[in-house]
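**Q** Structure in structure tokens, see below.
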Amino acid sequence: MARLTVIEGGRAEAERPGPSASPAPGLLEDLYRRHAPAVYGRCRFLLRDPEAARDATQDVFARALRALPEFRAAASPTTWLMRIATHHCLNLLRAARAGWRDEVRRAADGRRAQGLEPDRRELVRALLGAAPVEAREAAVLYYVDEMTQEEIALATGRSLPTVRKRLRQFLASARAALAEACPGLTLPEGDEP
Amino acid sequence: MTLALGGPGLACSAMRLRRLAAGELLGEERARAEEHLAGCARCQATAREIEAERRDLAESLPFQEFAAGVAERLARPAQGPLVLRALPLALAAGLAVAAATPLLLRLTRPEDGTRPKGGASAVLFAQEGAAVRALAPGDPIPEGARLRLSLVPAGRRNAAVYVVDADGAALLYAGPALAGPLPDAFEWTGGGPGTLLVLLSDGPLDAVALAARLGREGARAEPPPGAEAVRLPLRRGRR
């Protein structure tokens with residue numbers, strides 16, 4: 001018979017991770033239950049393609065597992081993962097943003113035909129294509145995730161003035177994009193972050 | 001038409017609601033968030049969207065598929081082996097419930113046309129001191145390392161796990177094919193080479209009779225009808 005020694009339970013009880021460290025039946029399942037809906041939602045929102053969103057979601061969690069100590073040390077795992085997801089998707093979108101004018105028109109006019117206001121987040125998503133690359137993440141965190149500028153600064157490791165500057169960059173580009181693509185739609189003046 | 005793009009409200013924050021849904025808010029912060037949610041139509045709408053995302057995920061990317069995809073990414077050679085330092089063995093093995101990566105062997109038996117039920121695999125974790133790592137294909141088993149196998153049974157009902165080497169076959173586990181780490185870790189004290197053999201089946205497995213047959217025929221013995229096999233090579237040495 002092959003020689004082996006079975007170690008019942010594997011380790012001493014005291015060394016086992018507690019429920020908060022390793023909720024049964026496994027870390028990945030816990031991550032999936034707690035965080036994957038939001039990550040998948042973010043990926044679908046930004047990528048507009050279920051297949052691409054599935055791939056991106058799995059990419060994000062693979063990345064999180066590789067950076068497990070960093071993930072576990074994050075003040076908010078949700079915020080940490082959503083940042084990773086946002087960043088990942090924005091990177092994927094970089095090369096495919098030539099059609100932002102059409103997207104802005106669709107986002108602005110799609111619901112107006114039914115007498116409804118444009119969906120704000122859809123409009124923000126479309127306007128990302130016209131925004132400077134460095135302003136996009138801050139725009140998503142502010143307008144979509146509704147994080148305060150202070151929370152964004154904390155989450156991204158940027159200074160508050162930098163966050164404010166990037167939001168203003170986004171708003172300026174959004175105004176210019178709307179003026180070009182949808183002259184009938186404007187953003188309120190004096191609404192600077 | 002003038003339209004504001006939104007942004008955080010005085011007490012409204014989609015991210016805070018996500019954190020609430022994920023169980024991240026505690027104590028007073030949680031109570032405040034719940035109280036606000038109860039009286040805020042805007043946040044209630046956001047909460048409904050968060051719930052809809054949960055349903056959407058369950059339909060579009062079920063856990064098993066998600067886990068297999070994550071495992072596949074972690075296993076990509078360009079990324080190098082996944083090293084989980086200072087993680088308790090059980091936690092690391094828990095990762096493999098489906099993250100299941102470096103020593104992931106798909107159940108493929110094209111020679112007899114058996115079609116895998118989808119992504120069944122197994123991962124072997126080794127603990128040396130405080131460090132735990134998933135063993136990559138071909139990684140030697142260090143002397144004295146505590147080993148724990150984690151299964152991704154992909155819907156199979158029963159499992160039997162054997163260590164087969166030059167000394168014969170030893171039964172390590174027989175029972176329900178539960179996803180995740182086996183209840184017991186083990187130390188392989190035999191010489192190499194050997195094989196860790198996982199048999200998965202929807203029907204019952206006569207684990208003791210199979211051990212006898214594996215002892216006679218070795219790890220390449222034909223699995224019982226309807227059963228599928230995952231074989232992980234074992235060899236002695238240090239990295």
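Here's how to read the names in the structure tokens: chain A, B, ... by the order shown, residue numbers from 1 in each chain, ligand numbers from 1 in the order shown.
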Just list as a short mmCIF file (atom, residue, chain, number, x, y, z; two decimals) with N, CA and C atoms, in the first residue's frame whatever in range 4-154 of chain A DSSP marks as alpha helix (DSSP H).

**A**
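Everything below was put into selection-v7.cif:
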```
data_model
loop_
_atom_site.label_atom_id
_atom_site.label_comp_id
_atom_site.auth_asym_id
_atom_site.auth_seq_id
_atom_site.Cartn_x
_atom_site.Cartn_y
_atom_site.Cartn_z
N LEU A 27 -13.18 30.63 -0.02
CA LEU A 27 -13.01 32.06 -0.23
C LEU A 27 -13.60 32.52 -1.55
N LEU A 28 -13.34 31.77 -2.59
CA LEU A 28 -13.81 32.21 -3.91
C LEU A 28 -15.33 32.27 -3.96
N GLU A 29 -15.96 31.30 -3.34
CA GLU A 29 -17.41 31.31 -3.33
C GLU A 29 -17.94 32.52 -2.54
N ASP A 30 -17.25 32.84 -1.48
CA ASP A 30 -17.64 34.01 -0.69
C ASP A 30 -17.44 35.29 -1.50
N LEU A 31 -16.32 35.37 -2.18
CA LEU A 31 -16.07 36.54 -3.03
C LEU A 31 -17.15 36.67 -4.09
N TYR A 32 -17.49 35.53 -4.66
CA TYR A 32 -18.52 35.52 -5.71
C TYR A 32 -19.84 36.04 -5.15
N ARG A 33 -20.22 35.53 -4.02
CA ARG A 33 -21.52 35.90 -3.44
C ARG A 33 -21.56 37.37 -3.04
N ARG A 34 -20.48 37.82 -2.43
CA ARG A 34 -20.50 39.19 -1.92
C ARG A 34 -20.24 40.24 -3.00
N HIS A 35 -19.31 39.93 -3.88
CA HIS A 35 -18.80 41.00 -4.73
C HIS A 35 -19.00 40.82 -6.23
N ALA A 36 -19.16 39.59 -6.67
CA ALA A 36 -19.22 39.38 -8.12
C ALA A 36 -20.43 40.07 -8.77
N PRO A 37 -21.60 40.14 -8.11
CA PRO A 37 -22.70 40.85 -8.78
C PRO A 37 -22.34 42.29 -9.12
N ALA A 38 -21.72 42.97 -8.19
CA ALA A 38 -21.37 44.38 -8.43
C ALA A 38 -20.29 44.49 -9.50
N VAL A 39 -19.31 43.60 -9.44
CA VAL A 39 -18.23 43.66 -10.44
C VAL A 39 -18.78 43.35 -11.83
N TYR A 40 -19.62 42.33 -11.89
CA TYR A 40 -20.21 41.99 -13.19
C TYR A 40 -21.09 43.14 -13.69
N GLY A 41 -21.84 43.72 -12.76
CA GLY A 41 -22.68 44.87 -13.13
C GLY A 41 -21.86 46.01 -13.68
N ARG A 42 -20.73 46.27 -13.04
CA ARG A 42 -19.85 47.35 -13.51
C ARG A 42 -19.29 47.02 -14.90
N CYS A 43 -18.89 45.77 -15.06
CA CYS A 43 -18.31 45.38 -16.35
C CYS A 43 -19.35 45.46 -17.46
N ARG A 44 -20.56 45.05 -17.16
CA ARG A 44 -21.63 45.13 -18.17
C ARG A 44 -21.96 46.58 -18.49
N PHE A 45 -21.99 47.38 -17.45
CA PHE A 45 -22.32 48.79 -17.64
C PHE A 45 -21.30 49.47 -18.55
N LEU A 46 -20.04 49.20 -18.31
CA LEU A 46 -19.01 49.89 -19.08
C LEU A 46 -18.76 49.24 -20.44
N LEU A 47 -18.82 47.93 -20.50
CA LEU A 47 -18.45 47.25 -21.74
C LEU A 47 -19.64 47.04 -22.68
N PRO A 50 -22.37 41.32 -22.74
CA PRO A 50 -22.36 40.29 -21.69
C PRO A 50 -21.15 39.38 -21.74
N GLU A 51 -20.76 38.98 -22.93
CA GLU A 51 -19.62 38.06 -23.05
C GLU A 51 -18.33 38.74 -22.56
N ALA A 52 -18.15 39.97 -23.01
CA ALA A 52 -16.96 40.71 -22.58
C ALA A 52 -17.01 40.96 -21.07
N ALA A 53 -18.21 41.17 -20.55
CA ALA A 53 -18.35 41.42 -19.11
C ALA A 53 -18.02 40.17 -18.30
N ARG A 54 -18.43 39.02 -18.81
CA ARG A 54 -18.09 37.76 -18.11
C ARG A 54 -16.58 37.59 -18.05
N ASP A 55 -15.95 37.81 -19.20
CA ASP A 55 -14.48 37.67 -19.25
C ASP A 55 -13.82 38.66 -18.28
N ALA A 56 -14.29 39.89 -18.34
CA ALA A 56 -13.66 40.93 -17.52
C ALA A 56 -13.86 40.63 -16.03
N THR A 57 -15.03 40.12 -15.67
CA THR A 57 -15.30 39.80 -14.27
C THR A 57 -14.31 38.75 -13.77
N GLN A 58 -14.09 37.75 -14.58
CA GLN A 58 -13.15 36.70 -14.17
C GLN A 58 -11.72 37.23 -14.13
N ASP A 59 -11.39 38.13 -15.06
CA ASP A 59 -10.07 38.77 -15.03
C ASP A 59 -9.87 39.52 -13.71
N VAL A 60 -10.92 40.24 -13.32
CA VAL A 60 -10.82 41.06 -12.11
C VAL A 60 -10.59 40.18 -10.88
N PHE A 61 -11.31 39.07 -10.80
CA PHE A 61 -11.16 38.22 -9.61
C PHE A 61 -9.83 37.46 -9.63
N ALA A 62 -9.37 37.11 -10.81
CA ALA A 62 -8.04 36.48 -10.87
C ALA A 62 -6.99 37.47 -10.37
N ARG A 63 -7.17 38.70 -10.77
CA ARG A 63 -6.23 39.73 -10.32
C ARG A 63 -6.32 39.93 -8.81
N ALA A 64 -7.54 39.90 -8.31
CA ALA A 64 -7.73 40.07 -6.86
C ALA A 64 -7.09 38.93 -6.09
N LEU A 65 -7.21 37.73 -6.62
CA LEU A 65 -6.63 36.58 -5.91
C LEU A 65 -5.11 36.63 -5.94
N ARG A 66 -4.57 37.18 -7.01
CA ARG A 66 -3.11 37.32 -7.04
C ARG A 66 -2.64 38.37 -6.06
N LEU A 68 -4.05 38.99 -3.12
CA LEU A 68 -4.92 38.72 -1.97
C LEU A 68 -4.56 39.52 -0.72
N PRO A 69 -3.28 39.61 -0.37
CA PRO A 69 -2.97 40.39 0.84
C PRO A 69 -3.41 41.85 0.72
N GLU A 70 -3.21 42.41 -0.48
CA GLU A 70 -3.64 43.80 -0.69
C GLU A 70 -5.16 43.91 -0.60
N PHE A 71 -5.82 42.96 -1.21
CA PHE A 71 -7.28 42.95 -1.18
C PHE A 71 -7.80 42.86 0.25
N ARG A 72 -7.19 41.96 1.02
CA ARG A 72 -7.67 41.75 2.38
C ARG A 72 -7.33 42.93 3.28
N ALA A 73 -6.30 43.69 2.89
CA ALA A 73 -5.92 44.84 3.71
C ALA A 73 -6.72 46.09 3.34
N PRO A 77 -13.21 46.24 0.79
CA PRO A 77 -13.01 45.32 -0.32
C PRO A 77 -13.92 45.63 -1.52
N THR A 78 -15.13 46.08 -1.24
CA THR A 78 -16.05 46.42 -2.34
C THR A 78 -15.47 47.54 -3.19
N THR A 79 -15.03 48.60 -2.53
CA THR A 79 -14.48 49.74 -3.25
C THR A 79 -13.23 49.32 -4.02
N TRP A 80 -12.41 48.51 -3.38
CA TRP A 80 -11.16 48.05 -4.01
C TRP A 80 -11.47 47.27 -5.29
N LEU A 81 -12.41 46.35 -5.20
CA LEU A 81 -12.74 45.54 -6.37
C LEU A 81 -13.41 46.37 -7.47
N MET A 82 -14.24 47.30 -7.06
CA MET A 82 -14.92 48.13 -8.07
C MET A 82 -13.93 49.02 -8.79
N ARG A 83 -12.93 49.45 -8.08
CA ARG A 83 -11.87 50.24 -8.73
C ARG A 83 -11.12 49.40 -9.74
N ILE A 84 -10.78 48.19 -9.33
CA ILE A 84 -10.07 47.30 -10.24
C ILE A 84 -10.92 47.04 -11.49
N ALA A 85 -12.20 46.78 -11.25
CA ALA A 85 -13.10 46.49 -12.37
C ALA A 85 -13.23 47.70 -13.29
N THR A 86 -13.39 48.86 -12.70
CA THR A 86 -13.55 50.08 -13.49
C THR A 86 -12.30 50.33 -14.33
N HIS A 87 -11.17 50.22 -13.68
CA HIS A 87 -9.90 50.47 -14.35
C HIS A 87 -9.69 49.47 -15.49
N HIS A 88 -9.98 48.22 -15.20
CA HIS A 88 -9.81 47.18 -16.21
C HIS A 88 -10.70 47.46 -17.42
N CYS A 89 -11.95 47.77 -17.18
CA CYS A 89 -12.87 47.99 -18.29
C CYS A 89 -12.51 49.26 -19.06
N LEU A 90 -12.13 50.30 -18.35
CA LEU A 90 -11.75 51.53 -19.05
C LEU A 90 -10.54 51.28 -19.95
N ASN A 91 -9.64 50.45 -19.47
CA ASN A 91 -8.49 50.08 -20.32
C ASN A 91 -8.94 49.33 -21.56
N LEU A 92 -9.90 48.42 -21.38
CA LEU A 92 -10.39 47.67 -22.53
C LEU A 92 -11.08 48.59 -23.54
N LEU A 93 -11.68 49.63 -23.02
CA LEU A 93 -12.45 50.52 -23.89
C LEU A 93 -11.59 51.55 -24.61
N TRP A 100 -17.86 57.56 -29.85
CA TRP A 100 -18.51 58.15 -28.69
C TRP A 100 -19.65 59.09 -29.07
N ARG A 101 -19.53 59.76 -30.23
CA ARG A 101 -20.60 60.70 -30.60
C ARG A 101 -21.93 59.96 -30.76
N ASP A 102 -21.88 58.84 -31.43
CA ASP A 102 -23.12 58.06 -31.61
C ASP A 102 -23.64 57.58 -30.26
N GLU A 103 -22.73 57.17 -29.41
CA GLU A 103 -23.16 56.68 -28.10
C GLU A 103 -23.81 57.80 -27.29
N VAL A 104 -23.22 58.98 -27.36
CA VAL A 104 -23.79 60.10 -26.62
C VAL A 104 -25.18 60.42 -27.18
N ARG A 105 -25.31 60.40 -28.48
CA ARG A 105 -26.63 60.68 -29.08
C ARG A 105 -27.65 59.64 -28.65
N ARG A 106 -27.23 58.39 -28.67
CA ARG A 106 -28.16 57.32 -28.26
C ARG A 106 -28.57 57.49 -26.80
N ALA A 107 -27.57 57.76 -25.96
CA ALA A 107 -27.86 57.91 -24.53
C ALA A 107 -28.74 59.13 -24.27
N ALA A 108 -28.52 60.18 -25.05
CA ALA A 108 -29.27 61.42 -24.81
C ALA A 108 -30.67 61.35 -25.39
N ASP A 109 -30.80 60.72 -26.55
CA ASP A 109 -32.08 60.80 -27.26
C ASP A 109 -32.94 59.56 -27.14
N ARG A 120 -29.11 59.24 -16.51
CA ARG A 120 -27.89 59.98 -16.20
C ARG A 120 -26.64 59.11 -16.29
N ARG A 121 -26.76 57.91 -15.76
CA ARG A 121 -25.56 57.07 -15.76
C ARG A 121 -25.20 56.59 -17.16
N GLU A 122 -26.24 56.33 -17.95
CA GLU A 122 -25.96 55.95 -19.35
C GLU A 122 -25.27 57.09 -20.08
N LEU A 123 -25.71 58.30 -19.77
CA LEU A 123 -25.09 59.45 -20.40
C LEU A 123 -23.64 59.62 -19.94
N VAL A 124 -23.43 59.42 -18.66
CA VAL A 124 -22.06 59.50 -18.14
C VAL A 124 -21.19 58.47 -18.84
N ARG A 125 -21.72 57.26 -18.96
CA ARG A 125 -20.94 56.19 -19.61
C ARG A 125 -20.56 56.59 -21.04
N ALA A 126 -21.55 57.12 -21.76
CA ALA A 126 -21.26 57.52 -23.14
C ALA A 126 -20.25 58.66 -23.18
N LEU A 127 -20.37 59.56 -22.23
CA LEU A 127 -19.48 60.74 -22.23
C LEU A 127 -18.04 60.38 -21.84
N LEU A 128 -17.86 59.22 -21.22
CA LEU A 128 -16.50 58.80 -20.85
C LEU A 128 -15.60 58.75 -22.08
N VAL A 133 -8.38 60.49 -20.59
CA VAL A 133 -8.22 59.17 -19.96
C VAL A 133 -8.09 59.29 -18.45
N GLU A 134 -7.31 60.28 -18.01
CA GLU A 134 -7.03 60.37 -16.58
C GLU A 134 -8.25 60.83 -15.77
N ALA A 135 -9.29 61.32 -16.47
CA ALA A 135 -10.46 61.82 -15.75
C ALA A 135 -11.56 60.76 -15.65
N ARG A 136 -11.40 59.67 -16.37
CA ARG A 136 -12.53 58.73 -16.50
C ARG A 136 -12.83 57.99 -15.19
N GLU A 137 -11.80 57.49 -14.55
CA GLU A 137 -12.07 56.72 -13.34
C GLU A 137 -12.75 57.59 -12.29
N ALA A 138 -12.24 58.79 -12.11
CA ALA A 138 -12.85 59.68 -11.11
C ALA A 138 -14.31 59.96 -11.45
N ALA A 139 -14.59 60.08 -12.75
CA ALA A 139 -15.97 60.34 -13.17
C ALA A 139 -16.89 59.18 -12.82
N GLN A 149 -15.89 63.31 -3.12
CA GLN A 149 -14.52 63.56 -3.57
C GLN A 149 -13.50 63.07 -2.54
N GLU A 150 -13.85 63.22 -1.28
CA GLU A 150 -12.94 62.75 -0.22
C GLU A 150 -12.79 61.23 -0.29
N GLU A 151 -13.91 60.54 -0.50
CA GLU A 151 -13.85 59.08 -0.60
C GLU A 151 -13.04 58.65 -1.82
N ILE A 152 -13.19 59.38 -2.91
CA ILE A 152 -12.43 59.04 -4.12
C ILE A 152 -10.94 59.25 -3.88
N ALA A 153 -10.63 60.36 -3.23
CA ALA A 153 -9.21 60.64 -2.94
C ALA A 153 -8.62 59.52 -2.10
N LEU A 154 -9.38 59.08 -1.12
CA LEU A 154 -8.90 58.02 -0.23
C LEU A 154 -8.73 56.71 -1.01
#
```

**Q** Excluding same-chain residues fewer than 5 positions from Gly144 in chain B, what lies within 8 Å of it counting only C-alpha atoms, as a PyMOL selection string?

**A** chain B and resi 128+187-189

**Q** Could you please determine the separation between CA of Ala174 in chain B and CA of Ala160 in chain B in Å, to one decimal place?

**A**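 Result for CA of Ala174 in chain B versus CA of Ala160 in chain B: 4.3 Å, one decimal.
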
**Q** Looking at B:Ala11, B:Ala67, B:Leu124, B:Ala169, which one is nearest to Ala185 in chain B, with distances taken over only C-alpha atoms?

**A**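 Once distances to Ala185 in chain B are computed over only C-alpha atoms, the minimum belongs to B:Leu124.
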
**Q** Report, in Å to a single decimal, how far apart CA of Leu232 in chain B and CA of Gly190 in chain B are.

**A**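 Taking CA of Gly190 in chain B as the start and CA of Leu232 in chain B as the end point, the length is 15.3 Å.
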
**Q** Pick out the residues sitting within 12 Å of Ala170 in chain B, and hand them over as a PyMOL selection string; count only C-alpha atoms, and ignore anything fewer than 3 positions along from it in its own chain.

**A** (chain A and resi 1-6) or (chain B and resi 160-167+173-174+186+188-190+194-198+207-216+218-219)

**Q** Emit the selected residues as a compact mmCIF listing (two decimals), in the first residue's frame, including C-alpha atoms.

**A**
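For reference, selection-v3.txt as written:
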```txt
# COMPACT_ATOMS: atom_id res chain seq x y z
CA MET A 1 0.00 0.00 0.00
CA ALA A 2 1.20 3.51 -0.77
CA ARG A 3 2.63 5.13 2.30
CA LEU A 4 0.98 8.21 3.62
CA THR A 5 0.01 9.75 6.92
CA VAL A 6 -3.44 11.23 7.18
CA ALA B 160 -12.79 8.43 -4.14
CA VAL B 161 -9.22 9.65 -3.82
CA TYR B 162 -6.16 7.41 -3.81
CA VAL B 163 -2.43 7.74 -3.56
CA VAL B 164 -0.91 5.17 -5.89
CA ASP B 165 2.81 4.55 -5.94
CA ALA B 166 5.33 1.73 -6.14
CA ASP B 167 4.09 0.41 -2.78
CA TYR B 173 -11.02 9.72 0.83
CA ALA B 174 -14.31 8.12 -0.17
CA PHE B 186 -1.99 14.12 4.50
CA TRP B 188 3.00 11.43 1.49
CA THR B 189 5.70 9.30 3.01
CA GLY B 190 6.30 7.03 0.06
CA GLY B 194 3.37 8.28 -7.58
CA THR B 195 -0.06 9.47 -8.60
CA LEU B 196 -2.86 11.13 -6.77
CA LEU B 197 -5.94 9.66 -8.39
CA VAL B 198 -9.39 11.18 -8.07
CA ALA B 207 -13.74 2.41 -2.89
CA VAL B 208 -12.17 -0.60 -1.17
CA ALA B 209 -12.43 -2.90 -4.18
CA LEU B 210 -11.06 -0.14 -6.36
CA ALA B 211 -8.08 0.30 -4.04
CA ALA B 212 -7.26 -3.38 -4.45
CA ARG B 213 -7.52 -3.12 -8.23
CA LEU B 214 -5.40 0.04 -8.34
CA GLY B 215 -2.82 -1.73 -6.21
CA ARG B 216 -2.62 -4.46 -8.83
CA GLY B 218 -1.57 0.95 -11.01
CA ALA B 219 -2.93 4.46 -11.40
```

**Q** For chain B, which residue among A:Ala131, A:Pro118, A:Ala74, A:Arg158 is the nearest when counting only C-alpha atoms?

**A**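 That would be A:Pro118, the residue with the smallest distance to chain B.
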
**Q** What's the 9 Å shell around Met147 in chain A, counting only C-alpha atoms, without same-chain residues fewer than 2 positions away, as number ranges by chain?

**A** A: 141-145, 149-152; B: 7-9, 12-16

**Q** Those same residues, written as a PDB file, in the first residue's frame with N, CA and C atoms?

**A**
```pdb
ATOM      1  N   LEU A 141     -16.396  56.923 -10.452  1.00  0.00           N
ATOM      2  CA  LEU A 141     -16.536  56.826  -8.991  1.00  0.00           C
ATOM      3  C   LEU A 141     -17.467  57.918  -8.453  1.00  0.00           C
ATOM      4  N   TYR A 142     -17.450  59.065  -9.082  1.00  0.00           N
ATOM      5  CA  TYR A 142     -18.266  60.173  -8.579  1.00  0.00           C
ATOM      6  C   TYR A 142     -19.715  60.085  -9.082  1.00  0.00           C
ATOM      7  N   TYR A 143     -19.870  59.967 -10.390  1.00  0.00           N
ATOM      8  CA  TYR A 143     -21.223  60.043 -10.950  1.00  0.00           C
ATOM      9  C   TYR A 143     -21.971  58.713 -10.923  1.00  0.00           C
ATOM     10  N   VAL A 144     -21.269  57.630 -10.961  1.00  0.00           N
ATOM     11  CA  VAL A 144     -21.946  56.326 -10.987  1.00  0.00           C
ATOM     12  C   VAL A 144     -21.987  55.704  -9.587  1.00  0.00           C
ATOM     13  N   ASP A 145     -20.822  55.708  -8.939  1.00  0.00           N
ATOM     14  CA  ASP A 145     -20.776  55.102  -7.603  1.00  0.00           C
ATOM     15  C   ASP A 145     -21.196  56.084  -6.517  1.00  0.00           C
ATOM     16  N   GLN A 149     -15.890  63.306  -3.115  1.00  0.00           N
ATOM     17  CA  GLN A 149     -14.518  63.562  -3.574  1.00  0.00           C
ATOM     18  C   GLN A 149     -13.501  63.072  -2.537  1.00  0.00           C
ATOM     19  N   GLU A 150     -13.847  63.221  -1.276  1.00  0.00           N
ATOM     20  CA  GLU A 150     -12.942  62.747  -0.221  1.00  0.00           C
ATOM     21  C   GLU A 150     -12.791  61.231  -0.293  1.00  0.00           C
ATOM     22  N   GLU A 151     -13.909  60.544  -0.504  1.00  0.00           N
ATOM     23  CA  GLU A 151     -13.850  59.080  -0.598  1.00  0.00           C
ATOM     24  C   GLU A 151     -13.042  58.647  -1.823  1.00  0.00           C
ATOM     25  N   ILE A 152     -13.188  59.376  -2.907  1.00  0.00           N
ATOM     26  CA  ILE A 152     -12.431  59.042  -4.120  1.00  0.00           C
ATOM     27  C   ILE A 152     -10.940  59.250  -3.880  1.00  0.00           C
TER      28      ILE A 152
ATOM     29  N   GLY B   7     -24.210  62.382  -9.123  1.00  0.00           N
ATOM     30  CA  GLY B   7     -23.125  62.433  -8.155  1.00  0.00           C
ATOM     31  C   GLY B   7     -23.673  62.109  -6.786  1.00  0.00           C
ATOM     32  N   PRO B   8     -22.821  62.117  -5.780  1.00  0.00           N
ATOM     33  CA  PRO B   8     -23.296  61.731  -4.449  1.00  0.00           C
ATOM     34  C   PRO B   8     -24.305  62.723  -3.900  1.00  0.00           C
ATOM     35  N   GLY B   9     -25.301  62.214  -3.223  1.00  0.00           N
ATOM     36  CA  GLY B   9     -26.256  63.091  -2.547  1.00  0.00           C
ATOM     37  C   GLY B   9     -25.772  63.354  -1.134  1.00  0.00           C
ATOM     38  N   CYS B  12     -26.806  60.023   0.050  1.00  0.00           N
ATOM     39  CA  CYS B  12     -27.011  58.961  -0.941  1.00  0.00           C
ATOM     40  C   CYS B  12     -25.675  58.568  -1.562  1.00  0.00           C
ATOM     41  N   SER B  13     -25.441  57.299  -1.628  1.00  0.00           N
ATOM     42  CA  SER B  13     -24.211  56.819  -2.259  1.00  0.00           C
ATOM     43  C   SER B  13     -24.428  55.380  -2.701  1.00  0.00           C
ATOM     44  N   ALA B  14     -24.306  55.178  -4.000  1.00  0.00           N
ATOM     45  CA  ALA B  14     -24.457  53.807  -4.515  1.00  0.00           C
ATOM     46  C   ALA B  14     -23.380  52.898  -3.936  1.00  0.00           C
ATOM     47  N   MET B  15     -22.183  53.447  -3.777  1.00  0.00           N
ATOM     48  CA  MET B  15     -21.096  52.617  -3.240  1.00  0.00           C
ATOM     49  C   MET B  15     -21.406  52.197  -1.802  1.00  0.00           C
ATOM     50  N   ARG B  16     -21.983  53.109  -1.019  1.00  0.00           N
ATOM     51  CA  ARG B  16     -22.312  52.732   0.355  1.00  0.00           C
ATOM     52  C   ARG B  16     -23.350  51.609   0.363  1.00  0.00           C
TER      53      ARG B  16
END
```

**Q** Could you check how far CA of Leu178 in chain B sits from CA of Ser201 in chain B, in Å to one decimal?

**A**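 Straight-line distance from CA of Leu178 in chain B to CA of Ser201 in chain B works out to 12.0 Å.
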
**Q** Any idea what's packed within 12 Å of Pro225 in chain B, counting only C-alpha atoms, ignoring anything in its chain fewer than 6 positions away? Could you give it as a VMD selection string?

**A** chain B and resid 112 114 199 to 206
